[in-house]
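Next comes input.cif, a file with mmCIF, C-alpha atoms.
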```
data_structure
#
loop_
_atom_site.label_atom_id
_atom_site.label_comp_id
_atom_site.auth_asym_id
_atom_site.auth_seq_id
_atom_site.Cartn_x
_atom_site.Cartn_y
_atom_site.Cartn_z
CA MET A 32 -52.20 -13.79 57.23
CA ASN A 33 -50.58 -16.31 59.54
CA CYS A 34 -48.38 -15.71 62.60
CA ILE A 35 -45.09 -16.31 60.75
CA GLU A 36 -45.95 -13.79 58.07
CA PHE A 37 -47.09 -11.25 60.70
CA ARG A 38 -43.83 -11.54 62.64
CA ARG A 39 -41.68 -11.40 59.52
CA ILE A 40 -43.30 -8.13 58.47
CA ARG A 41 -43.20 -6.59 61.97
CA LEU A 42 -39.51 -7.35 62.50
CA GLY A 43 -38.73 -5.51 59.27
CA ASP A 44 -41.10 -2.60 59.83
CA PRO A 45 -42.83 -2.23 63.21
CA TYR A 46 -44.17 1.23 62.37
CA THR A 47 -46.42 0.71 59.37
CA ASN A 48 -49.89 -0.72 59.78
CA SER A 49 -52.22 -2.28 57.27
CA PRO A 50 -55.76 -3.71 57.56
CA GLU A 51 -54.33 -7.24 57.27
CA LEU A 52 -51.83 -6.69 60.07
CA ASN A 53 -54.44 -5.06 62.31
CA SER A 54 -56.91 -7.82 61.63
CA HIS A 55 -54.41 -10.54 62.55
CA LYS A 56 -53.32 -8.65 65.66
CA SER A 57 -56.88 -8.35 66.90
CA GLU A 58 -57.41 -12.09 66.49
CA CYS A 59 -54.08 -13.40 67.84
CA GLU A 60 -53.13 -12.57 71.42
CA THR A 61 -49.57 -13.94 71.00
CA CYS A 62 -48.89 -11.74 67.99
CA ARG A 63 -50.39 -8.69 69.73
CA LYS A 64 -47.93 -9.28 72.58
CA PHE A 65 -45.14 -9.81 70.03
CA ASP A 66 -46.00 -6.44 68.48
CA GLU A 67 -45.89 -4.65 71.83
CA ASP A 68 -42.55 -6.23 72.65
CA ILE A 69 -41.01 -5.18 69.34
CA LEU A 70 -42.12 -1.58 69.84
CA GLN A 71 -40.81 -1.63 73.40
CA PHE A 72 -37.50 -3.05 72.15
CA ASP A 73 -37.26 -0.25 69.57
CA LYS A 74 -37.88 2.40 72.25
CA HIS A 75 -34.79 1.14 74.07
CA LEU A 76 -32.92 0.98 70.79
CA TYR A 77 -33.84 4.60 70.04
CA ARG A 78 -32.39 5.68 73.40
CA ALA A 79 -29.26 3.67 72.71
CA LEU A 80 -28.74 5.26 69.29
CA LYS A 81 -29.35 8.82 70.49
CA VAL A 82 -25.75 9.61 71.41
CA ASP A 83 -24.79 13.12 72.52
CA VAL A 84 -24.07 15.67 69.83
CA PRO A 85 -20.97 17.84 70.51
CA ASP A 86 -21.80 21.29 71.85
CA GLY A 87 -21.65 24.01 69.23
CA LEU A 88 -21.54 21.61 66.28
CA ALA A 89 -23.78 23.80 64.08
CA ALA A 90 -21.75 26.92 64.94
CA LYS A 91 -18.51 25.13 64.04
CA ILE A 92 -19.93 23.97 60.70
CA LEU A 93 -21.10 27.49 59.85
CA LEU A 94 -17.77 28.95 60.90
CA ASN A 95 -15.94 26.42 58.74
CA GLN A 96 -18.13 27.33 55.77
CA SER A 97 -17.63 31.05 56.35
CA LEU A 98 -13.86 30.52 56.04
CA GLN A 99 -14.28 29.03 52.59
CA THR A 100 -14.00 31.41 49.68
CA GLU A 101 -16.65 31.35 47.03
CA PRO A 102 -15.33 30.05 43.71
CA ARG A 103 -16.14 32.39 40.83
CA LYS A 104 -16.02 31.85 37.10
CA PRO A 105 -12.80 33.45 35.82
CA THR A 106 -13.21 36.42 33.48
CA ARG A 107 -10.66 38.65 31.78
CA TRP A 108 -10.99 41.05 34.70
CA THR A 109 -10.43 38.13 37.06
CA TRP A 110 -7.12 37.29 35.43
CA MET A 111 -6.05 40.91 35.53
CA SER A 112 -7.05 41.22 39.16
CA MET A 113 -5.24 37.96 39.91
CA ALA A 114 -2.06 39.43 38.48
CA ALA A 115 -2.57 42.50 40.65
CA SER A 116 -3.28 40.20 43.61
CA PHE A 117 0.11 38.49 43.25
CA LEU A 118 1.75 41.88 43.50
CA LEU A 119 -0.40 42.85 46.48
CA ALA A 120 0.16 39.48 48.13
CA GLY A 121 3.88 40.07 48.07
CA MET A 122 3.42 43.48 49.62
CA PHE A 123 0.95 42.05 52.14
CA ALA A 124 3.36 39.26 53.13
CA PHE A 125 6.03 41.86 53.78
CA TYR A 126 3.54 43.86 55.85
CA GLN A 127 2.47 40.75 57.79
CA ILE A 128 6.03 40.18 58.94
CA SER A 129 6.11 43.65 60.39
CA ILE A 130 2.93 43.30 62.50
CA PRO A 131 2.61 41.31 65.70
CA ALA A 132 1.15 37.83 65.31
CA SER A 133 -1.26 38.30 68.16
CA ILE A 134 -3.41 41.27 69.04
CA ASP A 135 -5.09 39.82 72.09
CA LYS A 136 -3.27 42.01 74.63
CA GLU A 137 -4.03 45.19 72.67
CA LEU A 138 -7.71 44.28 72.45
CA VAL A 139 -8.00 43.62 76.19
CA GLU A 140 -6.13 46.85 77.02
CA HIS A 141 -8.53 48.76 74.81
CA ILE A 142 -11.58 47.23 76.49
CA GLU A 143 -10.25 48.06 79.93
CA GLU A 144 -9.57 51.66 78.91
CA GLU A 145 -13.03 52.19 77.47
CA GLN A 146 -15.32 49.89 79.41
CA HIS A 147 -16.81 52.68 81.54
CA ILE A 148 -18.11 54.31 78.33
CA VAL A 149 -18.88 51.24 76.30
CA PHE A 150 -20.84 49.02 78.67
CA ALA A 151 -22.94 51.88 80.08
CA ARG A 152 -25.07 51.94 76.92
CA SER A 153 -28.24 49.95 76.51
CA THR A 154 -29.99 51.45 73.45
CA LEU A 155 -29.96 49.16 70.45
CA LEU A 156 -28.27 50.63 67.41
CA GLU A 157 -29.69 50.74 63.90
CA ASP A 158 -28.04 48.62 61.20
CA ALA A 159 -27.10 51.85 59.38
CA GLN A 160 -24.89 52.90 62.32
CA ILE A 161 -23.12 49.54 62.29
CA LYS A 162 -22.72 49.69 58.54
CA GLN A 163 -21.13 53.14 58.78
CA VAL A 164 -18.46 51.80 61.14
CA LEU A 165 -17.79 48.84 58.84
CA ASN A 166 -17.64 51.00 55.72
CA SER A 167 -14.85 53.01 57.38
CA ILE A 168 -12.73 49.88 57.40
CA ASP A 169 -13.72 48.84 53.86
CA LEU A 170 -16.29 46.24 54.86
CA ASN A 171 -20.00 45.96 54.17
CA MET A 172 -22.83 44.34 56.11
CA HIS A 173 -25.66 42.43 54.49
CA SER A 174 -27.39 40.78 57.46
CA SER A 175 -27.87 41.52 61.14
CA PHE A 176 -25.16 41.25 63.79
CA GLY A 177 -27.85 40.78 66.46
CA LYS A 178 -28.43 43.22 69.32
CA VAL A 179 -25.67 45.85 69.15
CA THR A 180 -25.46 48.59 71.79
CA PHE A 181 -22.13 50.16 70.82
CA ALA A 182 -20.37 50.67 67.49
CA ALA A 183 -17.34 52.84 66.85
CA ASN A 184 -14.11 53.00 64.92
CA CYS A 185 -11.18 52.87 67.30
CA LEU A 186 -7.43 52.94 66.92
CA ILE A 187 -5.77 49.81 68.27
CA ASP A 188 -2.07 49.33 67.81
CA GLY A 189 -2.12 52.21 65.32
CA GLU A 190 -4.79 50.59 63.13
CA MET A 191 -8.44 51.51 62.64
CA VAL A 192 -10.76 48.69 63.79
CA GLY A 193 -14.50 48.21 64.24
CA HIS A 194 -15.43 48.02 67.92
CA PHE A 195 -18.89 46.72 68.85
CA VAL A 196 -20.77 45.49 71.90
CA VAL A 197 -23.17 42.65 71.16
CA GLU A 198 -25.82 41.64 73.67
CA GLN A 199 -26.52 37.93 73.83
CA GLY A 200 -28.78 36.50 76.53
CA ASP A 201 -28.07 38.50 79.68
CA ALA A 202 -24.45 39.16 78.80
CA SER A 203 -22.43 41.68 76.81
CA TYR A 204 -19.73 40.56 74.40
CA THR A 205 -17.16 42.85 72.84
CA LEU A 206 -16.63 42.28 69.15
CA PHE A 207 -13.71 43.65 67.18
CA VAL A 208 -13.44 43.56 63.41
CA VAL A 209 -9.76 44.01 62.71
CA PRO A 210 -8.86 44.59 59.06
CA GLY A 211 -5.66 43.23 57.64
CA LYS A 212 -4.65 41.09 60.61
CA ASN A 213 -5.49 37.53 59.82
CA GLY A 214 -3.62 34.79 61.64
CA GLY A 215 -5.20 32.09 59.46
CA LYS A 216 -6.53 30.01 62.35
CA LEU A 217 -8.87 30.17 65.30
CA VAL A 218 -7.11 31.27 68.49
CA GLU A 219 -8.42 31.31 72.06
CA PHE A 220 -6.84 33.43 74.76
CA GLU A 221 -7.11 34.24 78.47
CA ILE A 222 -5.74 37.51 79.84
CA ASP A 223 -6.44 38.52 83.44
CA ASP A 224 -10.23 38.57 83.81
CA TRP A 225 -10.89 38.36 80.10
CA HIS A 226 -11.06 35.60 77.62
CA GLY A 227 -11.72 35.58 73.93
CA ILE A 228 -11.60 33.97 70.53
CA ILE A 229 -9.93 35.43 67.43
CA SER A 230 -11.02 33.98 64.13
CA PRO A 231 -9.83 34.64 60.58
CA HIS A 232 -12.43 35.90 58.12
CA ARG A 233 -12.52 35.35 54.37
CA SER A 234 -12.23 39.11 53.83
CA GLY A 235 -8.68 38.95 55.23
CA SER A 236 -9.78 40.53 58.49
CA SER A 237 -9.92 38.98 61.94
CA LEU A 238 -13.00 38.78 64.10
CA ALA A 239 -12.43 38.81 67.84
CA VAL A 240 -15.01 38.26 70.55
CA VAL A 241 -13.94 39.06 74.10
CA ALA A 242 -15.90 38.57 77.30
CA SER A 243 -15.31 39.13 80.97
CA ASN A 244 -14.93 36.00 83.07
CA HIS A 245 -17.20 37.64 85.66
CA ILE A 246 -20.07 38.45 83.35
CA ALA A 247 -20.24 36.04 80.47
CA GLY A 248 -18.19 33.99 78.24
CA ASP A 249 -19.27 30.59 77.19
CA LYS A 250 -17.32 29.53 74.15
CA GLU A 251 -20.40 28.38 72.24
CA THR A 252 -22.00 31.82 72.40
CA MET A 253 -18.75 33.45 71.30
CA LEU A 254 -18.46 31.06 68.36
CA ALA A 255 -22.08 31.73 67.47
CA ILE A 256 -21.43 35.50 67.42
CA ILE A 257 -18.32 35.04 65.26
CA THR A 258 -20.27 32.82 62.89
CA ARG A 259 -23.19 35.22 62.61
CA VAL A 260 -20.97 38.25 62.07
CA GLY A 261 -18.68 36.31 59.74
CA MET A 262 -21.63 35.50 57.50
CA ALA A 263 -22.92 39.06 57.70
CA ILE A 264 -19.87 40.95 56.41
CA ASP A 265 -18.05 41.12 53.11
CA PRO A 266 -15.42 43.40 51.62
CA LEU A 267 -16.82 46.73 50.46
CA LYS A 268 -16.91 46.74 46.68
CA VAL A 269 -16.42 50.17 45.17
CA MET B 246 -20.81 53.42 44.32
CA LEU B 247 -21.57 50.60 46.71
CA THR B 248 -22.28 47.13 45.36
CA GLN B 249 -24.87 45.19 47.29
CA VAL B 250 -24.42 41.47 47.90
CA PRO B 251 -26.95 39.79 45.58
CA ASP B 252 -30.19 38.55 47.11
CA ASP B 253 -29.64 35.03 45.81
CA MET B 254 -26.39 34.89 47.80
CA LEU B 255 -28.24 35.94 50.95
CA ASP B 256 -30.91 33.33 50.25
CA LYS B 257 -28.24 30.69 49.85
CA GLN B 258 -26.65 31.63 53.20
CA ALA B 259 -30.03 31.54 54.94
CA ARG B 260 -31.00 28.21 53.36
CA TYR B 261 -27.65 26.76 54.32
CA GLN B 262 -27.88 27.97 57.91
CA ASN B 263 -31.35 26.43 58.23
CA LEU B 264 -30.08 23.11 56.92
CA VAL B 265 -27.14 23.08 59.32
CA GLU B 266 -29.28 23.91 62.32
CA ALA B 267 -32.01 21.43 61.40
CA TYR B 268 -29.98 18.44 60.34
CA SER B 269 -26.52 18.55 61.92
CA PRO B 270 -27.59 16.68 65.10
CA TRP B 271 -29.17 13.88 63.07
CA LEU B 272 -26.22 13.65 60.67
CA TYR B 273 -23.75 13.54 63.55
CA ARG B 274 -25.57 10.62 65.17
CA TYR B 275 -25.81 8.77 61.89
CA ALA B 276 -22.13 9.48 61.19
CA TYR B 277 -21.25 8.20 64.64
CA TRP B 278 -22.98 4.89 64.02
CA ILE B 279 -21.43 4.36 60.61
CA SER B 280 -17.91 5.64 61.32
CA GLY B 281 -17.48 4.25 64.81
CA GLU B 282 -15.90 7.19 66.60
CA LYS B 283 -16.75 10.70 67.68
CA SER B 284 -13.94 12.59 65.94
CA ALA B 285 -14.50 10.76 62.63
CA ALA B 286 -18.22 11.49 62.92
CA GLU B 287 -17.59 15.20 63.41
CA ASP B 288 -15.19 15.29 60.45
CA LEU B 289 -17.74 13.51 58.30
CA VAL B 290 -20.46 15.99 59.18
CA GLN B 291 -18.14 18.93 58.47
CA GLU B 292 -17.19 17.46 55.07
CA THR B 293 -20.83 16.71 54.28
CA PHE B 294 -21.92 20.28 54.91
CA LEU B 295 -19.00 21.76 52.98
CA ARG B 296 -20.00 19.64 50.00
CA ALA B 297 -23.65 20.57 50.54
CA TRP B 298 -22.68 24.26 50.40
CA ARG B 299 -20.93 23.76 47.08
CA PHE B 300 -23.87 21.93 45.53
CA LEU B 301 -26.73 23.65 47.34
CA ASP B 302 -28.23 24.87 44.08
CA ALA B 303 -28.81 21.22 43.14
CA LEU B 304 -31.25 20.84 46.03
CA LYS B 305 -34.50 21.91 44.44
CA ASP B 306 -36.94 20.51 47.00
CA GLU B 307 -36.38 21.44 50.64
CA ALA B 308 -38.46 18.42 51.72
CA ALA B 309 -35.80 16.16 50.23
CA ALA B 310 -32.98 17.84 52.16
CA LYS B 311 -32.57 15.17 54.82
CA SER B 312 -32.23 12.32 52.34
CA TRP B 313 -29.96 14.45 50.15
CA LEU B 314 -27.63 15.20 53.08
CA THR B 315 -27.72 11.57 54.23
CA THR B 316 -26.68 10.45 50.75
CA ILE B 317 -23.82 12.97 50.67
CA LEU B 318 -22.66 11.76 54.08
CA ARG B 319 -22.71 8.12 52.97
CA ARG B 320 -20.62 9.00 49.91
CA GLU B 321 -18.17 10.98 51.99
CA ASN B 322 -17.88 8.05 54.37
CA ALA B 323 -17.31 5.65 51.50
CA ARG B 324 -14.63 7.93 50.10
CA LYS B 325 -12.80 8.47 53.36
CA PHE B 326 -13.40 5.67 55.76
CA GLU B 327 -14.79 2.62 54.02
CA LYS B 328 -11.42 1.01 53.44
CA LYS B 329 -10.72 1.30 57.11
CA SER B 330 -12.62 -1.45 58.93
CA LEU B 331 -15.14 -0.22 61.45
CA GLU B 332 -13.52 -0.42 64.81
CA PHE B 333 -15.70 0.93 67.52
CA ASN B 334 -13.75 2.01 70.50
CA ASP B 335 -15.08 0.14 73.54
CA VAL B 336 -13.67 2.78 75.85
CA GLU B 337 -15.43 5.47 73.86
CA ILE B 338 -18.73 3.60 74.04
CA GLU B 339 -18.37 3.22 77.80
CA ASN B 340 -17.37 6.85 78.20
CA LEU B 341 -20.18 8.24 76.11
CA PRO B 342 -22.47 8.75 79.10
CA ASN B 343 -20.52 11.61 80.58
CA GLN B 344 -22.10 14.70 79.21
CA HIS B 345 -25.77 15.54 79.25
CA ALA B 346 -28.41 14.77 81.79
CA ASP B 347 -30.74 13.32 79.15
CA PHE B 348 -28.13 10.82 77.97
CA ASP B 349 -29.46 7.37 78.81
CA THR B 350 -27.06 5.37 80.95
CA ARG B 351 -29.26 2.47 81.96
CA PRO B 352 -27.49 -0.90 81.69
CA GLU B 353 -29.95 -2.25 79.12
CA VAL B 354 -29.36 0.77 76.87
CA ILE B 355 -25.58 0.49 77.17
CA ALA B 356 -25.88 -3.23 76.36
CA LEU B 357 -27.81 -2.32 73.23
CA ARG B 358 -25.10 0.18 72.17
CA ILE B 359 -22.49 -2.53 72.52
CA ALA B 360 -24.67 -4.99 70.59
CA MET B 361 -25.22 -2.39 67.84
CA LYS B 362 -21.50 -1.92 67.29
CA LYS B 363 -21.18 -5.65 66.58
CA LEU B 364 -23.80 -5.62 63.84
CA PRO B 365 -22.45 -5.73 60.28
CA ASP B 366 -22.74 -2.39 58.44
CA LYS B 367 -25.47 -3.58 56.10
CA TYR B 368 -27.75 -4.28 59.07
CA ARG B 369 -26.70 -1.43 61.35
CA GLU B 370 -27.07 1.41 58.84
CA PRO B 371 -30.71 0.88 57.81
CA LEU B 372 -31.66 0.21 61.42
CA VAL B 373 -30.22 3.57 62.50
CA LEU B 374 -32.12 5.31 59.69
CA GLN B 375 -35.39 3.61 60.61
CA VAL B 376 -35.28 3.75 64.40
CA LEU B 377 -33.50 7.05 65.00
CA GLU B 378 -35.01 9.15 62.25
CA GLY B 379 -38.13 7.30 61.16
CA TYR B 380 -37.13 6.64 57.56
CA SER B 381 -39.60 4.44 55.68
CA LEU B 382 -38.52 1.27 53.88
CA GLU B 383 -38.95 3.10 50.57
CA GLU B 384 -36.73 6.00 51.65
CA ILE B 385 -34.01 3.65 52.89
CA ALA B 386 -34.23 1.67 49.65
CA GLU B 387 -33.67 4.88 47.69
CA ILE B 388 -30.66 5.95 49.79
CA PHE B 389 -29.02 2.51 49.55
CA ASN B 390 -30.19 1.99 45.97
CA ILE B 391 -31.49 -1.49 46.78
CA PRO B 392 -35.00 -3.04 46.52
CA ARG B 393 -37.53 -2.32 49.28
CA ASN B 394 -37.83 -6.03 50.12
CA THR B 395 -34.07 -6.26 50.65
CA VAL B 396 -34.30 -3.40 53.12
CA ALA B 397 -37.13 -5.17 54.98
CA THR B 398 -35.08 -8.38 55.13
CA ARG B 399 -32.02 -6.55 56.45
CA LEU B 400 -34.05 -4.80 59.14
CA HIS B 401 -35.70 -8.08 60.11
CA ARG B 402 -32.29 -9.73 60.44
CA ALA B 403 -30.81 -6.75 62.26
CA ARG B 404 -33.42 -7.03 65.02
CA GLN B 405 -33.00 -10.80 65.18
CA LYS B 406 -29.24 -10.45 65.52
CA LEU B 407 -29.55 -7.85 68.24
CA ARG B 408 -31.95 -10.08 70.18
CA LYS B 409 -29.61 -13.01 69.76
CA GLN B 410 -26.69 -11.03 71.13
CA LEU B 411 -28.72 -10.11 74.18
CA GLU B 412 -29.97 -13.66 74.81
CA GLY B 413 -28.82 -15.02 78.11
CA LYS B 414 -28.43 -11.51 79.45
CA GLU B 415 -31.88 -11.23 81.00
CA ASP B 416 -30.58 -8.85 83.64
CA ILE B 417 -29.80 -6.25 80.98
CA HIS B 418 -32.11 -7.36 78.16
CA PRO B 419 -34.49 -4.50 77.37
CA LEU B 420 -37.45 -6.87 77.45
CA ARG B 421 -36.32 -8.58 80.66
CA GLY B 422 -36.53 -12.05 79.22
CA ASN B 423 -39.79 -11.67 77.33
CA LYS B 424 -39.54 -13.92 74.32
CA VAL B 425 -40.01 -11.83 71.23
#
```
Would you give me this structure, written as C-alpha cells?
Amino acid sequence: MNCIEFRRIRLGDPYTNSPELNSHKSECETCRKFDEDILQFDKHLYRALKVDVPDGLAAKILLNQSLQTEPRKPTRWTWMSMAASFLLAGMFAFYQISIPASIDKELVEHIEEEQHIVFARSTLLEDAQIKQVLNSIDLNMHSSFGKVTFAANCLIDGEMVGHFVVEQGDASYTLFVVPGKNGGKLVEFEIDDWHGIISPHRSGSSLAVVASNHIAGDKETMLAIITRVGMAIDPLKV
Amino acid sequence: MLTQVPDDMLDKQARYQNLVEAYSPWLYRYAYWISGEKSAAEDLVQETFLRAWRFLDALKDEAAAKSWLTTILRRENARKFEKKSLEFNDVEIENLPNQHADFDTRPEVIALRIAMKKLPDKYREPLVLQVLEGYSLEEIAEIFNIPRNTVATRLHRARQKLRKQLEGKEDIHPLRGNKV
C-alpha cells in the first residue's frame, strides 16, 4: 500500500482498520500523522453535528401517537356500530354545544377545595384501586400510571371525573380524567398559583394535569404524565 | 364482562415507546442536517414515528430498527421537502448555541456547522450518518441503495470539501493549520 492509497481509504472511512492500513501506518510517519489529524477533525465534526434536541421531543411524539385512533378491519358489526355512531355523534355534538369549552377554572377550584385532604396522603395505591375509579367513568387501565397516592371519583361541574395525584420526582401532580369533554387540542392554562395542560384523548375524554407553581410544574413532566396515562387507558368494553 | 386489551397491543405500545425514547434524538439530528431547519426537522421526526407506528409489525428484527427508521425518515423527507431546495437559515445556525450547557460553541465548531450546510446533500447525508451515529460504509450503502465504493468516494470528497472550505481560516480551522 502506498501513501496515496492509504489517504484515499482513510478519508472515506477513518474508523475501520485492516492489517494493510496498520502496516503502512507503522512504517510511514507522515501517514500516521495524517491519520491522527483526520480523527481529530472528525471529533470536531461530531461536536458540530450534535445539535440540541428539543426538550420533551419523545413525550410529544408519544402524545401525538396516542391521539391517533387505531384503524380496524371493518366487519358487519363495525358497519352497524358506525351507523349507531352517526346517530350518537349528532347527539354528542348537541351536548358539546351545551357544555363549557374550558374546564380549567372548575378543575383548579376543585383542587383548592380538596387539597388539604388530597395532598396529605403518601401511601402508594394499588392498580386495582385506580382501575376501580376509571371503571366508574367507563374507562379501563392496562398499564401503570406511575406512583399514585390518591384516586377518587369526584363531581366537577356536575360530571363524574377521575381525580388522581401522581408523584413524579419530588413533586405532586394532580391528574383529572374527564369523560366526554374533549376540546380536540392541547391547551395550557395559568390560574392564580396553578398551571396545567389539558389534552384530548382518543377515548373522547380529556386528560388534565395541574401543578402548583410553588411546588412543581415543568411542562415536560406534565406532558410525560399525560403521555403515560394516555397510553394506559382505553374505553371500557362491556 | 370486561374485555382486556390484548397482550400484543400492549407489546406494540411498549416496543414503540422504546423506539421513540432510543432513537428520537438521533433522528432529530439527522433530520436537522437533511432538512435545514429545526421546525422541519421536528415535523419530519413526528411523521417518521407516526408511519413507524402504522408499520411496526413489519419490523421483525429490533437490531435493524435504527436503519429502518432512518430509511422511513429519508422517504418522508423526499416526499415532503425534497422539491424545496435546502436553505439553511444562517440566523438559526448562529442562534443554535443558546440552550444547553453541553452545546459546543467554540468558533471552530461553529465554522464547521456553517461549512456543513454548504455541502451538497449527497456528501452531507452520508457524512452525518458516519460521523454522528457510526454507520459503516455497508450500512450507508444499504440505506442509500448505492454501491459501497460510491459511499466511500462521497465520504472522501465530503471531507475534502469541508477542509477546502476551511482553508485560509487557520484561526478557526479545527486542525489549526495542520495540513491534512
Chain A residues near chain B (8 Å cut-off, all atoms listed in the file) as a PyMOL selection string | chain A and resi 39-44+65+68-69+71-73+75-84+88-89+92-93+95-96+173+262+267-269
Find the spatial neighbours of Thr316 of chain B, counting all atoms listed in the file, within a cut-off of 12 Å - ignore same-chain residues fewer than 3 positions away - and output them as a list in words.
->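 The residues that qualify are Leu272, Tyr275, Ala276, Val290, Thr293, Phe294, Arg296, Ala297, Ala309, Ala310, Lys311, Ser312, Trp313, Arg319, Arg320, Glu321, Asn322, Ala323, Leu374, Glu384, Ile385, Ala386, Glu387, Ile388, Phe389 and Asn390 of chain B.
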Name all residues at most 8 Å from Asp224 of chain A (count all atoms listed in the file; drop same-chain ones fewer than 5 positions away) and give them as a ChimeraX atom specification.
-> /A:243-245
When you draw a straight line from atom CA of Lys362 of chain B to atom CA of Ser280 of chain B, how long is it in Å?
->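 Spanning atom CA of Lys362 of chain B to atom CA of Ser280 of chain B is a straight-line distance of 10.3 Å.
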Report as an MDAnalysis selection string the residues that result from applying the PyMOL selection byres ((chain A and resi 196) around 8) to the structure here.
-> chainID A and resid 149:150 179:182 194:195 197:198 203:206
Could you expand the PyMOL selection byres ((chain A and resi 172) around 6) into the explicit residues it covers here, written as a VMD selection string?
-> chain A and resid 162 171 173 to 174 263 to 264
Selection near Gly235 of chain A, 10 Å with only C-alpha atoms, sequence-local residues under 5 positions removed, as a VMD selection string = chain A and resid 98 209 to 215 265 to 266
Gap from atom CA of Val240 of chain A to atom CA of Ile168 of chain A - Å, one decimal |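 One can read the atom CA of Val240 of chain A to atom CA of Ile168 of chain A distance as 17.7 Å.
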Computed interatomic separation between atom CA of Asp366 of chain B and atom CA of Ile279 of chain B (Å) |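 About the pair atom CA of Asp366 of chain B and atom CA of Ile279 of chain B: they are 7.2 Å apart.
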Between B:Arg324, B:Arg393, B:Lys409, B:Lys257, which has the minimum distance to Leu364 of chain B (counting all atoms listed in the file)?
->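 Among the listed residues, the smallest separation from Leu364 of chain B belongs to B:Lys409.
Residues lying within 12 Å of Leu186 of chain A, counting only C-alpha atoms and ignoring same-chain neighbours fewer than 3 positions away, are Glu137, Leu138, Glu140, His141, Ile142, Glu145, Ile168, Ala183, Gly189, Glu190, Met191, Val192, Gly193, His194, Phe207, Val208, Val209 and Pro210 of chain A.
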